[in-house]
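Colleague: start09.cif is the file, holding mmCIF, C-alpha atoms and all ligand atoms:
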```
data_model
#
loop_
_atom_site.label_atom_id
_atom_site.label_comp_id
_atom_site.auth_asym_id
_atom_site.auth_seq_id
_atom_site.Cartn_x
_atom_site.Cartn_y
_atom_site.Cartn_z
CA MET A 13 0.00 0.00 0.00
CA ASP A 14 1.42 3.41 -0.89
CA GLN A 15 1.89 6.23 1.56
CA SER A 16 -0.92 8.42 0.19
CA SER A 17 -3.61 5.77 0.55
CA GLN A 18 -2.44 5.19 4.14
CA ASP A 19 -2.75 8.89 4.84
CA ASN A 20 -6.25 8.86 3.40
CA SER A 21 -7.41 5.95 5.54
CA PRO A 22 -10.07 6.79 8.12
CA LEU A 23 -8.63 4.06 10.36
CA PHE A 24 -5.92 4.12 13.00
CA GLN A 25 -2.83 2.81 11.22
CA THR A 26 -2.15 0.15 13.87
CA TYR A 27 -2.28 -2.71 11.35
CA ALA A 28 -0.21 -3.35 8.23
CA ARG A 29 -3.11 -4.97 6.43
CA ALA A 30 -2.85 -7.27 3.43
CA PRO A 31 -4.52 -5.64 0.41
CA LEU A 32 -7.31 -8.21 0.41
CA ALA A 33 -10.94 -8.04 1.59
CA PHE A 34 -13.33 -10.96 1.95
CA GLU A 35 -16.98 -11.01 1.04
CA ARG A 36 -18.24 -14.35 2.38
CA GLY A 37 -17.14 -17.60 3.93
CA GLU A 38 -18.38 -21.16 4.14
CA GLY A 39 -16.66 -23.85 6.17
CA VAL A 40 -12.93 -23.71 5.44
CA TRP A 41 -13.48 -21.46 2.40
CA LEU A 42 -13.19 -17.70 2.14
CA GLU A 43 -14.19 -15.74 -0.96
CA SER A 44 -12.56 -12.38 -1.66
CA ARG A 45 -14.43 -9.37 -3.00
CA ASP A 46 -12.81 -9.94 -6.39
CA GLY A 47 -14.13 -13.50 -6.49
CA ARG A 48 -11.03 -15.54 -5.57
CA ARG A 49 -11.46 -18.54 -3.26
CA PHE A 50 -9.03 -19.24 -0.42
CA LEU A 51 -8.61 -22.12 1.99
CA ASP A 52 -8.73 -20.40 5.35
CA LEU A 53 -6.13 -22.00 7.61
CA SER A 54 -5.88 -18.98 9.89
CA GLY A 55 -9.48 -18.91 11.09
CA GLY A 56 -9.41 -15.20 11.89
CA ILE A 57 -6.47 -15.93 14.22
CA ALA A 58 -7.85 -19.00 16.02
CA VAL A 59 -11.37 -17.61 16.25
CA ASN A 60 -13.50 -19.33 13.59
CA LEU A 61 -13.30 -22.62 15.44
CA LEU A 62 -15.98 -24.33 13.32
CA GLY A 63 -15.24 -22.55 10.06
CA HIS A 64 -17.34 -19.84 8.47
CA ALA A 65 -21.13 -19.71 8.56
CA HIS A 66 -21.54 -23.02 10.38
CA PRO A 67 -25.29 -23.75 9.96
CA HIS A 68 -25.84 -24.58 13.65
CA LEU A 69 -24.18 -21.32 14.77
CA VAL A 70 -26.01 -19.23 12.17
CA GLU A 71 -29.31 -20.75 13.28
CA ALA A 72 -28.59 -20.08 16.98
CA LEU A 73 -27.60 -16.46 16.30
CA LYS A 74 -30.64 -15.77 14.09
CA ALA A 75 -33.07 -17.34 16.54
CA GLN A 76 -31.68 -15.30 19.44
CA ALA A 77 -31.50 -12.11 17.35
CA GLU A 78 -35.28 -12.23 16.92
CA LYS A 79 -35.88 -12.68 20.64
CA LEU A 80 -33.52 -10.58 22.79
CA TRP A 81 -30.07 -9.02 22.37
CA HIS A 82 -29.14 -7.36 25.62
CA THR A 83 -30.46 -6.88 29.14
CA SER A 84 -27.29 -6.20 31.24
CA ASN A 85 -25.97 -8.25 34.11
CA LEU A 86 -28.41 -6.63 36.53
CA PHE A 87 -30.76 -9.47 35.54
CA GLU A 88 -30.48 -13.20 35.23
CA ILE A 89 -29.44 -14.45 31.81
CA PRO A 90 -30.46 -18.11 31.42
CA GLY A 91 -28.07 -18.73 28.49
CA GLN A 92 -25.21 -17.57 30.70
CA THR A 93 -26.08 -19.96 33.50
CA ARG A 94 -26.43 -22.82 31.02
CA LEU A 95 -23.09 -22.11 29.32
CA ALA A 96 -21.36 -21.74 32.69
CA GLU A 97 -22.79 -25.08 33.85
CA ARG A 98 -21.57 -26.81 30.71
CA LEU A 99 -18.06 -25.31 31.00
CA ILE A 100 -17.90 -26.28 34.66
CA GLU A 101 -19.08 -29.80 33.95
CA ASN A 102 -16.26 -30.26 31.45
CA THR A 103 -13.36 -28.52 33.23
CA PHE A 104 -11.68 -28.06 36.63
CA ALA A 105 -13.82 -24.98 37.33
CA ASP A 106 -16.74 -24.18 39.68
CA LYS A 107 -17.49 -20.63 38.55
CA ALA A 108 -17.48 -18.52 35.37
CA PHE A 109 -17.40 -14.81 34.48
CA PHE A 110 -18.18 -13.95 30.86
CA THR A 111 -16.36 -11.22 28.93
CA ASN A 112 -16.19 -9.93 25.35
CA SER A 113 -12.56 -10.72 24.62
CA GLY A 114 -9.45 -12.58 25.66
CA ALA A 115 -7.75 -9.59 27.27
CA GLU A 116 -10.83 -8.98 29.42
CA ALA A 117 -10.88 -12.63 30.48
CA LEU A 118 -7.22 -12.21 31.51
CA GLU A 119 -8.01 -8.99 33.38
CA CYS A 120 -10.65 -10.91 35.31
CA ALA A 121 -8.19 -13.74 35.98
CA ILE A 122 -5.55 -11.33 37.31
CA LYS A 123 -8.07 -9.48 39.50
CA THR A 124 -9.47 -12.79 40.80
CA ALA A 125 -5.98 -13.97 41.84
CA ARG A 126 -5.08 -10.72 43.59
CA ARG A 127 -8.43 -10.50 45.30
CA TYR A 128 -8.12 -14.10 46.56
CA HIS A 129 -4.98 -13.20 48.50
CA TYR A 130 -6.51 -9.91 49.65
CA VAL A 131 -9.51 -11.61 51.27
CA SER A 132 -7.17 -14.31 52.64
CA GLY A 133 -5.44 -11.59 54.66
CA HIS A 134 -2.46 -11.15 52.33
CA PRO A 135 -2.91 -7.90 50.41
CA GLU A 136 0.87 -7.83 49.89
CA ARG A 137 0.58 -10.85 47.59
CA TYR A 138 -0.25 -9.21 44.28
CA ARG A 139 2.67 -10.00 41.96
CA ILE A 140 2.12 -12.25 38.96
CA ILE A 141 4.92 -14.33 37.44
CA THR A 142 4.77 -14.58 33.64
CA PHE A 143 7.07 -15.80 30.85
CA GLU A 144 9.03 -14.20 28.04
CA GLY A 145 7.44 -14.63 24.63
CA ALA A 146 3.98 -14.75 26.21
CA PHE A 147 1.02 -12.88 24.79
CA HIS A 148 -1.94 -12.05 27.00
CA GLY A 149 -3.64 -9.15 25.19
CA ARG A 150 -3.35 -5.41 24.58
CA THR A 151 -4.86 -3.75 27.65
CA LEU A 152 -2.47 -1.93 29.98
CA ALA A 153 -2.37 -4.83 32.45
CA THR A 154 -2.08 -7.55 29.83
CA ILE A 155 0.79 -5.83 27.97
CA ALA A 156 2.54 -5.64 31.34
CA ALA A 157 1.80 -9.35 31.82
CA GLY A 158 3.18 -10.20 28.37
CA GLY A 159 6.15 -7.95 29.07
CA GLN A 160 7.11 -7.48 25.42
CA ALA A 161 8.95 -4.20 24.89
CA LYS A 162 7.39 -3.62 21.46
CA TYR A 163 3.87 -3.58 22.96
CA LEU A 164 4.84 -1.52 26.05
CA GLU A 165 6.81 1.24 24.35
CA GLY A 166 5.35 4.71 24.61
CA PHE A 167 2.38 3.83 26.79
CA GLY A 168 3.65 5.24 30.06
CA PRO A 169 4.75 3.34 33.14
CA LYS A 170 4.30 -0.41 32.87
CA VAL A 171 1.51 -1.60 35.17
CA GLU A 172 3.20 -2.68 38.38
CA GLY A 173 3.29 -6.26 39.63
CA PHE A 174 4.31 -8.48 36.70
CA ASP A 175 7.63 -10.31 36.58
CA GLN A 176 8.77 -12.10 33.42
CA LEU A 177 10.95 -15.17 33.63
CA ARG A 178 12.83 -16.81 30.78
CA PHE A 179 10.78 -19.55 29.10
CA GLY A 180 12.01 -22.89 30.45
CA ASP A 181 14.29 -21.45 33.20
CA HIS A 182 13.36 -23.81 36.06
CA GLU A 183 15.99 -22.43 38.44
CA ALA A 184 14.72 -18.85 38.18
CA LEU A 185 11.15 -20.08 38.57
CA ARG A 186 11.87 -21.99 41.79
CA LEU A 187 13.60 -18.94 43.22
CA ALA A 188 10.84 -16.51 42.17
CA ALA A 189 8.15 -18.74 43.68
CA THR A 190 9.63 -18.22 47.16
CA GLY A 191 8.86 -14.49 46.95
CA SER A 192 6.45 -13.40 49.69
CA GLU A 193 4.52 -11.09 47.32
CA VAL A 194 3.70 -13.67 44.65
CA ALA A 195 -0.04 -14.10 43.99
CA ALA A 196 -0.03 -16.25 40.87
CA ILE A 197 1.85 -17.77 37.98
CA LEU A 198 0.28 -17.04 34.58
CA ILE A 199 1.17 -19.23 31.60
CA GLU A 200 -0.07 -20.35 28.18
CA PRO A 201 0.17 -24.19 28.02
CA ILE A 202 1.27 -23.58 24.42
CA GLN A 203 2.45 -20.09 23.48
CA GLY A 204 0.39 -19.05 20.46
CA GLU A 205 1.61 -15.63 19.28
CA GLY A 206 5.03 -16.54 20.68
CA GLY A 207 5.48 -19.24 18.02
CA ILE A 208 3.49 -22.36 19.02
CA ARG A 209 5.96 -23.08 21.80
CA GLY A 210 4.57 -25.81 24.04
CA VAL A 211 5.30 -26.26 27.73
CA PRO A 212 6.17 -29.95 28.22
CA PRO A 213 3.35 -31.67 30.18
CA GLN A 214 5.74 -32.68 32.99
CA CYS A 215 6.66 -28.99 33.42
CA LEU A 216 2.99 -28.07 33.93
CA VAL A 217 2.78 -30.85 36.53
CA GLY A 218 5.90 -29.39 38.20
CA LEU A 219 4.41 -25.91 38.05
CA ARG A 220 1.24 -27.16 39.74
CA GLN A 221 3.31 -28.70 42.56
CA LEU A 222 5.38 -25.54 42.95
CA CYS A 223 2.21 -23.44 43.23
CA ASP A 224 0.73 -25.79 45.84
CA GLU A 225 3.95 -25.69 47.88
CA HIS A 226 3.94 -21.90 48.06
CA GLY A 227 0.22 -21.09 48.16
CA ILE A 228 0.43 -19.54 44.69
CA LEU A 229 -2.51 -19.64 42.28
CA LEU A 230 -1.94 -21.16 38.86
CA ILE A 231 -3.57 -19.28 35.96
CA TYR A 232 -3.71 -20.70 32.45
CA ASP A 233 -4.21 -18.49 29.44
CA GLU A 234 -6.09 -20.83 27.11
CA VAL A 235 -7.48 -18.04 24.94
CA GLN A 236 -5.86 -19.62 21.89
CA THR A 237 -5.50 -23.27 22.95
CA GLY A 238 -8.99 -23.82 24.39
CA VAL A 239 -12.26 -25.36 23.21
CA GLY A 240 -10.90 -28.31 21.26
CA ARG A 241 -8.14 -26.52 19.33
CA THR A 242 -5.46 -28.96 20.55
CA GLY A 243 -7.66 -32.06 20.31
CA ARG A 244 -8.75 -31.87 23.97
CA PHE A 245 -11.46 -29.58 25.32
CA TYR A 246 -8.70 -27.58 27.04
CA ALA A 247 -4.98 -28.04 26.41
CA TYR A 248 -4.14 -28.53 30.10
CA GLU A 249 -5.82 -31.96 29.87
CA HIS A 250 -2.77 -33.22 27.96
CA SER A 251 -0.79 -32.78 31.21
CA GLY A 252 -3.51 -33.49 33.77
CA ALA A 253 -2.32 -30.45 35.76
CA ALA A 254 -5.41 -28.29 36.35
CA PRO A 255 -5.18 -24.56 37.08
CA ASP A 256 -7.03 -22.53 39.74
CA ILE A 257 -8.08 -19.90 37.23
CA MET A 258 -8.26 -19.96 33.43
CA ALA A 259 -8.97 -17.48 30.64
CA SER A 260 -10.70 -18.69 27.49
CA ALA A 261 -11.85 -16.71 24.44
CA LYS A 262 -11.26 -16.76 20.65
CA GLY A 263 -12.67 -20.16 19.55
CA ILE A 264 -15.28 -20.25 22.31
CA GLY A 265 -17.50 -17.84 20.35
CA GLY A 266 -16.78 -19.37 16.94
CA GLY A 267 -16.46 -15.82 15.57
CA PHE A 268 -18.83 -14.00 17.92
CA PRO A 269 -16.81 -11.84 20.35
CA MET A 270 -16.81 -13.50 23.72
CA GLY A 271 -14.53 -14.80 26.45
CA VAL A 272 -14.74 -16.30 29.89
CA CYS A 273 -12.75 -16.44 33.10
CA LEU A 274 -13.14 -19.77 34.89
CA ALA A 275 -12.10 -20.49 38.48
CA THR A 276 -12.49 -22.88 41.36
CA ASN A 277 -14.81 -21.81 44.21
CA GLU A 278 -11.77 -21.26 46.41
CA ALA A 279 -9.89 -19.08 43.90
CA ALA A 280 -13.03 -17.04 43.14
CA LYS A 281 -13.89 -16.42 46.79
CA GLY A 282 -12.87 -12.76 46.68
CA MET A 283 -15.02 -11.90 43.67
CA THR A 284 -18.11 -10.85 45.59
CA ALA A 285 -20.96 -8.50 44.59
CA GLY A 286 -19.67 -5.21 43.21
CA THR A 287 -16.01 -6.20 42.89
CA HIS A 288 -16.06 -6.68 39.10
CA GLY A 289 -18.41 -6.09 36.20
CA THR A 290 -19.03 -5.76 32.49
CA THR A 291 -21.79 -4.15 30.45
CA TYR A 292 -21.81 -6.49 27.47
CA GLY A 293 -20.12 -9.63 28.81
CA GLY A 294 -22.39 -12.67 28.73
CA ASN A 295 -25.13 -11.02 26.67
CA PRO A 296 -27.86 -13.28 25.26
CA LEU A 297 -26.52 -13.18 21.68
CA ALA A 298 -23.02 -14.27 22.73
CA MET A 299 -24.41 -16.95 25.02
CA ALA A 300 -26.62 -18.39 22.28
CA VAL A 301 -23.61 -18.76 19.99
CA GLY A 302 -21.34 -20.04 22.78
CA ASN A 303 -23.85 -22.75 23.64
CA ALA A 304 -24.14 -23.68 19.96
CA VAL A 305 -20.33 -24.00 19.72
CA LEU A 306 -20.35 -26.40 22.67
CA ASP A 307 -23.19 -28.43 21.11
CA VAL A 308 -20.75 -29.25 18.31
CA VAL A 309 -17.45 -29.52 20.19
CA LEU A 310 -18.80 -31.63 23.07
CA ALA A 311 -20.74 -34.01 20.81
CA GLU A 312 -19.74 -37.65 21.20
CA GLY A 313 -16.63 -38.46 19.16
CA PHE A 314 -16.00 -34.91 17.84
CA LEU A 315 -12.65 -34.30 19.59
CA GLU A 316 -11.48 -37.82 18.77
CA GLU A 317 -12.05 -36.99 15.12
CA VAL A 318 -10.11 -33.71 15.54
CA ARG A 319 -7.13 -35.68 16.94
CA ARG A 320 -7.29 -38.15 14.07
CA LYS A 321 -7.35 -35.41 11.40
CA ALA A 322 -4.65 -33.42 13.21
CA LEU A 323 -2.34 -36.44 13.16
CA LEU A 324 -2.86 -36.88 9.43
CA PHE A 325 -2.21 -33.16 8.78
CA LYS A 326 0.92 -33.08 10.92
CA GLN A 327 2.35 -36.25 9.41
CA SER A 328 1.81 -34.86 5.92
CA LEU A 329 3.46 -31.57 6.92
CA ALA A 330 6.41 -33.40 8.52
CA SER A 331 7.02 -35.30 5.31
CA LEU A 332 6.81 -32.01 3.38
CA ALA A 333 9.40 -30.48 5.74
CA ASP A 334 11.66 -33.48 4.99
CA ARG A 335 11.37 -32.80 1.27
CA PHE A 336 11.94 -29.03 1.56
CA PRO A 337 14.42 -28.70 4.42
CA ASP A 338 15.70 -25.41 2.93
CA VAL A 339 12.22 -23.91 3.38
CA ILE A 340 10.66 -25.58 6.43
CA GLU A 341 12.77 -26.48 9.47
CA SER A 342 10.23 -28.40 11.56
CA ILE A 343 6.58 -28.86 12.52
CA ARG A 344 5.28 -28.04 16.00
CA GLY A 345 2.05 -27.82 17.92
CA GLU A 346 -0.75 -29.93 19.27
CA GLY A 347 -3.99 -30.91 17.56
CA LEU A 348 -5.05 -28.33 14.99
CA LEU A 349 -2.80 -25.63 16.47
CA ILE A 350 0.08 -26.19 14.09
CA GLY A 351 3.30 -24.25 13.61
CA LEU A 352 5.72 -24.45 10.71
CA LYS A 353 9.11 -23.30 11.96
CA MET A 354 10.57 -21.73 8.82
CA HIS A 355 14.03 -21.43 7.32
CA VAL A 356 12.89 -18.70 4.97
CA PRO A 357 11.20 -15.67 6.56
CA ASN A 358 7.67 -16.60 7.68
CA THR A 359 6.30 -13.52 5.90
CA ARG A 360 7.60 -14.86 2.56
CA MET A 361 5.91 -18.22 3.17
CA ILE A 362 2.64 -16.52 4.10
CA ALA A 363 2.76 -14.49 0.86
CA ALA A 364 3.54 -17.64 -1.17
CA LEU A 365 0.67 -19.45 0.55
CA ARG A 366 -1.67 -16.61 -0.30
CA ASP A 367 -0.58 -16.82 -3.95
CA ALA A 368 -1.38 -20.55 -3.77
CA GLY A 369 -4.84 -19.80 -2.35
CA VAL A 370 -4.23 -20.42 1.35
CA VAL A 371 -4.64 -17.96 4.22
CA ALA A 372 -2.22 -18.55 7.13
CA ALA A 373 -1.16 -16.47 10.13
CA PRO A 374 2.33 -15.48 11.31
CA ALA A 375 3.66 -16.11 14.82
CA GLY A 376 6.84 -15.25 16.71
CA ASP A 377 10.07 -17.26 16.37
CA ASN A 378 9.71 -17.22 12.55
CA VAL A 379 6.71 -19.55 12.60
CA VAL A 380 3.78 -19.86 10.20
CA ARG A 381 0.62 -20.73 12.12
CA LEU A 382 -2.04 -23.06 10.73
CA LEU A 383 -5.33 -22.95 12.62
CA PRO A 384 -7.85 -24.73 10.39
CA PRO A 385 -11.44 -25.11 11.52
CA LEU A 386 -11.93 -28.22 13.66
CA THR A 387 -14.52 -29.25 11.07
CA ILE A 388 -11.96 -29.45 8.21
CA THR A 389 -12.37 -32.69 6.24
CA VAL A 390 -9.67 -35.14 5.21
CA GLU A 391 -10.35 -34.14 1.62
CA GLU A 392 -9.75 -30.46 2.49
CA ILE A 393 -6.54 -31.36 4.32
CA ARG A 394 -5.31 -33.10 1.13
CA LEU A 395 -6.15 -30.04 -0.93
CA ALA A 396 -4.43 -27.80 1.63
CA MET A 397 -1.33 -30.02 1.44
CA GLU A 398 -1.19 -29.66 -2.35
CA ARG A 399 -1.27 -25.89 -2.05
CA ILE A 400 1.22 -25.76 0.83
CA GLU A 401 3.54 -27.99 -1.19
CA SER A 402 3.30 -25.70 -4.19
CA ALA A 403 4.14 -22.68 -1.99
CA ALA A 404 7.12 -24.52 -0.47
CA ALA A 405 8.31 -25.53 -3.95
CA ASP A 406 8.10 -21.90 -5.13
CA LEU A 407 10.37 -20.82 -2.29
CA SER A 408 12.69 -23.79 -2.63
CA ALA A 409 13.33 -23.74 -6.37
CA PRO A 410 15.43 -20.54 -6.54
CA LEU A 411 17.50 -21.76 -3.60
CA GLN A 412 18.14 -25.11 -5.27
CA ARG A 413 19.08 -23.43 -8.54
CA ALA A 414 21.48 -21.15 -6.69
CA SER A 415 23.23 -24.07 -5.00
CA ALA A 416 23.36 -26.22 -8.20
C1 LIG A 501 -5.47 -13.51 21.37
C2 LIG A 501 -4.95 -13.81 22.71
C3 LIG A 501 -5.22 -12.97 23.82
C4 LIG A 501 -5.99 -11.67 23.67
O1 LIG A 501 -7.30 -11.86 23.23
P1 LIG A 501 -8.14 -10.62 22.66
O2 LIG A 501 -9.49 -11.21 22.38
O3 LIG A 501 -7.43 -10.13 21.45
O4 LIG A 501 -8.17 -9.60 23.73
C5 LIG A 501 -4.75 -13.34 25.04
N1 LIG A 501 -4.03 -14.46 25.21
C6 LIG A 501 -3.75 -15.30 24.18
C7 LIG A 501 -2.99 -16.55 24.43
C8 LIG A 501 -4.19 -14.99 22.90
O5 LIG A 501 -3.89 -15.80 21.88
#
```
Just give me the structure as structure tokens.
Modeller:
Amino acid sequence: MDQSSQDNSPLFQTYARAPLAFERGEGVWLESRDGRRFLDLSGGIAVNLLGHAHPHLVEALKAQAEKLWHTSNLFEIPGQTRLAERLIENTFADKAFFTNSGAEALECAIKTARRYHYVSGHPERYRIITFEGAFHGRTLATIAAGGQAKYLEGFGPKVEGFDQLRFGDHEALRLAATGSEVAAILIEPIQGEGGIRGVPPQCLVGLRQLCDEHGILLIYDEVQTGVGRTGRFYAYEHSGAAPDIMASAKGIGGGFPMGVCLATNEAAKGMTAGTHGTTYGGNPLAMAVGNAVLDVVLAEGFLEEVRRKALLFKQSLASLADRFPDVIESIRGEGLLIGLKMHVPNTRMIAALRDAGVVAAPAGDNVVRLLPPLTITVEEIRLAMERIESAAADLSAPLQRASA
């Protein structure tokens, strides 16, 4: 995009957008305004969990739209109670607070942890330990939690009370956990924006033990990994180490903006009437769609099928990486949260994929992220593989010619 058209834009220039606009979507397919069809393997950055225009979600949204949109949380919202009950039934949690986004779910998680210690007689315990490369959102508290300089720069003093440790530095973690001001440890079971970097399951088990030893609350950020994305309802199930508090968003609304903070009764004990609130969070429209998403994801055999398809996709990608080692270094991730660690710049691969008719998302650590809908078929995975192969070949050929 040239400078003049940027200057003419009515929008904040906070995004370097691709010069491409979409008109409609169906399942894994996206159609651009100029009529081109793309396989969408980015899912609006892990949001369109069940693809575009899933009939069950469309039906739920339409039906609710004709009844009631918004009443505020001053009244009971039956869809909210129902969705909370279903989340609780299928996770570690006893209580839920609904939000409109991931960052707000994290804000609630952070406040819940601090408030727990406050009502336990330890107001001095407010610090949250986080990890380098993490991403927790763009509010003032969540950029402090993520701790990345590029997101903090120019926005005034960093919100106090967040301490980043190096990813995988067990020694530093054990030392930090002895601090008398520590309220919680906040971690993504698999870093999403950070480059699909997974925490080994035994490390999550160790983290759980460490928290129990020191009376620290364990918070998982499952905004990206939750609701079946990794082949389990929540990614922590791969380790068996449950948190005290968890943030979920993105896929949980299947494209409708919503999030949730989940907690045990004990961890949520400080969140009493008047301590927290939201105008829109948990509104009837969002709850109708959230319940419809769970109808699909929690159906008998659905997640098993996701794991089966994910294995096929990852095996095919691994064999592609073997054939184009000058382009793709390795394959990472769990379930249908897949990362291609690149040799060539990830931005070049994403452009080549787009030319081949595939939409993918970048991530840190020079990774290309593939987040297909959980409903992708084996046939669509084969087609995606053909296109990914053609993109890899495009990037490989000049290199091979140069070395010949
Ligand atoms: C996207 C994301 C967030 C922030 O969610 P928003 O809805 O953009 O506020 C937080 N944590 C993780 C792990 C995410 O992937």
Colleague: So which one's closest to ligand LIG 501 (chain A), A:Pro169, A:Gly369, A:Gly227, A:Pro269? Using only C-alpha atoms and all ligand atoms, please.
Modeller: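 Going through A:Pro169, A:Gly369, A:Gly227, A:Pro269 one by one, the smallest distance to ligand LIG 501 (chain A) is for A:Pro269.
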Colleague: Select, from A:Gly56, A:Asn20, A:Ser132, A:Gly376, the residue with the minimum atom-to-atom distance to Phe34 in chain A, counting only C-alpha atoms.
Modeller: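 Of A:Gly56, A:Asn20, A:Ser132, A:Gly376, the one nearest Phe34 in chain A is A:Gly56, counting only C-alpha atoms.
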Colleague: In Å to one decimal, how far is CA of Phe325 in chain A from CA of Glu35 in chain A?
Modeller: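 Going from CA of Glu35 in chain A over to CA of Phe325 in chain A covers 27.7 Å.
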Colleague: Select from chain A every residue with an atom at most 8 Å from any atom of ligand LIG 501 (chain A), then for each give the shortest pair of atoms and their distance in Å to one decimal, using all atoms listed in the file, rows by chain and rising number, as CSV.
Modeller:
```
residue,atom,partner,partner_atom,distance
A:Ile57,CA,A:LIG501,C1,7.6
A:Ala58,CA,A:LIG501,O5,7.8
A:Asn112,CA,A:LIG501,O2,7.4
A:Ser113,CA,A:LIG501,O2,3.8
A:Gly114,CA,A:LIG501,O1,3.3
A:Ala115,CA,A:LIG501,O4,3.6
A:Glu116,CA,A:LIG501,O4,6.3
A:Ala117,CA,A:LIG501,O4,7.9
A:Leu118,CA,A:LIG501,C5,7.0
A:Ala146,CA,A:LIG501,C7,7.4
A:Phe147,CA,A:LIG501,N1,5.3
A:His148,CA,A:LIG501,N1,3.7
A:Gly149,CA,A:LIG501,C4,3.8
A:Arg150,CA,A:LIG501,O4,6.4
A:Thr151,CA,A:LIG501,O4,7.8
A:Thr154,CA,A:LIG501,C5,8.0
A:Glu200,CA,A:LIG501,C7,6.1
A:Gln203,CA,A:LIG501,C7,6.6
A:Gly204,CA,A:LIG501,O5,5.6
A:Glu205,CA,A:LIG501,O5,6.1
A:Asp233,CA,A:LIG501,C7,5.5
A:Glu234,CA,A:LIG501,C7,5.9
A:Val235,CA,A:LIG501,C6,4.7
A:Gln236,CA,A:LIG501,O5,4.3
A:Thr237,CA,A:LIG501,C7,7.3
A:Ala259,CA,A:LIG501,N1,7.9
A:Ala261,CA,A:LIG501,O2,6.3
A:Lys262,CA,A:LIG501,O2,6.1
A:Pro269,CA,A:LIG501,O2,7.6
A:Met270,CA,A:LIG501,O2,7.8
A:Gly271,CA,A:LIG501,O2,7.4
```
Colleague: Deliver the residues from the most recent selection as a file, using C-alpha atoms, as a short mmCIF file (atom, residue, chain, number, x, y, z; two decimals), in the coordinates of the input.
Modeller:
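Produced file part.cif, reproduced below:
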```cif
data_model
loop_
_atom_site.label_atom_id
_atom_site.label_comp_id
_atom_site.auth_asym_id
_atom_site.auth_seq_id
_atom_site.Cartn_x
_atom_site.Cartn_y
_atom_site.Cartn_z
CA ILE A 57 -6.47 -15.93 14.22
CA ALA A 58 -7.85 -19.00 16.02
CA ASN A 112 -16.19 -9.93 25.35
CA SER A 113 -12.56 -10.72 24.62
CA GLY A 114 -9.45 -12.58 25.66
CA ALA A 115 -7.75 -9.59 27.27
CA GLU A 116 -10.83 -8.98 29.42
CA ALA A 117 -10.88 -12.63 30.48
CA LEU A 118 -7.22 -12.21 31.51
CA ALA A 146 3.98 -14.75 26.21
CA PHE A 147 1.02 -12.88 24.79
CA HIS A 148 -1.94 -12.05 27.00
CA GLY A 149 -3.64 -9.15 25.19
CA ARG A 150 -3.35 -5.41 24.58
CA THR A 151 -4.86 -3.75 27.65
CA THR A 154 -2.08 -7.55 29.83
CA GLU A 200 -0.07 -20.35 28.18
CA GLN A 203 2.45 -20.09 23.48
CA GLY A 204 0.39 -19.05 20.46
CA GLU A 205 1.61 -15.63 19.28
CA ASP A 233 -4.21 -18.49 29.44
CA GLU A 234 -6.09 -20.83 27.11
CA VAL A 235 -7.48 -18.04 24.94
CA GLN A 236 -5.86 -19.62 21.89
CA THR A 237 -5.50 -23.27 22.95
CA ALA A 259 -8.97 -17.48 30.64
CA ALA A 261 -11.85 -16.71 24.44
CA LYS A 262 -11.26 -16.76 20.65
CA PRO A 269 -16.81 -11.84 20.35
CA MET A 270 -16.81 -13.50 23.72
CA GLY A 271 -14.53 -14.80 26.45
#
```
Colleague: So which one's closest to Asp307 in chain A, A:Arg94, A:Val131, A:Thr359, A:Arg126? Using only C-alpha atoms, please.
Modeller: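 Answer, going by the shortest atom-to-atom distance: A:Arg94.
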Colleague: Please list as a list in words every residue within 9 Å of Pro357 in chain A, counting all atoms listed in the file and excluding residues in the same chain fewer than 3 positions away.
Modeller: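 Residues meeting the cut-off are Val339, Met354, Arg360, Met361, Ile362, Asn378 and Val379 of chain A.
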Colleague: Mind dumping a table of every range 82-153 of chain A residue within 12 Å of range 288-294 of chain A, with the nearest atom pair and its distance in Å to one decimal, using only C-alpha atoms, sorted by chain and rising number, as a tab-separated table?
Modeller:
```
residue	atom	partner	partner_atom	distance
A:His82	CA	A:Tyr292	CA	7.6
A:Thr83	CA	A:Tyr292	CA	8.8
A:Ser84	CA	A:Thr291	CA	5.9
A:Asn85	CA	A:Thr291	CA	6.9
A:Leu86	CA	A:Thr291	CA	9.3
A:Phe87	CA	A:Gly294	CA	11.3
A:Glu88	CA	A:Gly294	CA	10.4
A:Ile89	CA	A:Gly294	CA	7.9
A:Pro90	CA	A:Gly294	CA	10.1
A:Gly91	CA	A:Gly294	CA	8.3
A:Gln92	CA	A:Gly294	CA	6.0
A:Thr93	CA	A:Gly294	CA	9.5
A:Arg94	CA	A:Gly294	CA	11.2
A:Leu95	CA	A:Gly294	CA	9.5
A:Ala96	CA	A:Gly294	CA	10.0
A:Ala108	CA	A:Gly294	CA	10.1
A:Phe109	CA	A:Gly294	CA	7.9
A:Phe110	CA	A:Gly294	CA	4.9
A:Thr111	CA	A:Gly293	CA	4.1
A:Asn112	CA	A:Gly293	CA	5.2
A:Ser113	CA	A:Gly293	CA	8.7
A:Gly114	CA	A:Gly293	CA	11.5
A:Glu116	CA	A:Thr290	CA	9.3
A:Ala117	CA	A:Gly293	CA	9.9
A:Glu119	CA	A:His288	CA	10.1
A:Cys120	CA	A:His288	CA	7.8
A:Ala121	CA	A:His288	CA	11.0
A:Ile122	CA	A:His288	CA	11.6
A:Lys123	CA	A:His288	CA	8.5
A:Thr124	CA	A:His288	CA	9.1
A:Arg127	CA	A:His288	CA	10.5
```
Colleague: For the atom pair CA of Ala372 in chain A and CA of Leu51 in chain A, what is the interatomic distance in Å to one decimal place?
Modeller: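 One can read the CA of Ala372 in chain A to CA of Leu51 in chain A distance as 8.9 Å.
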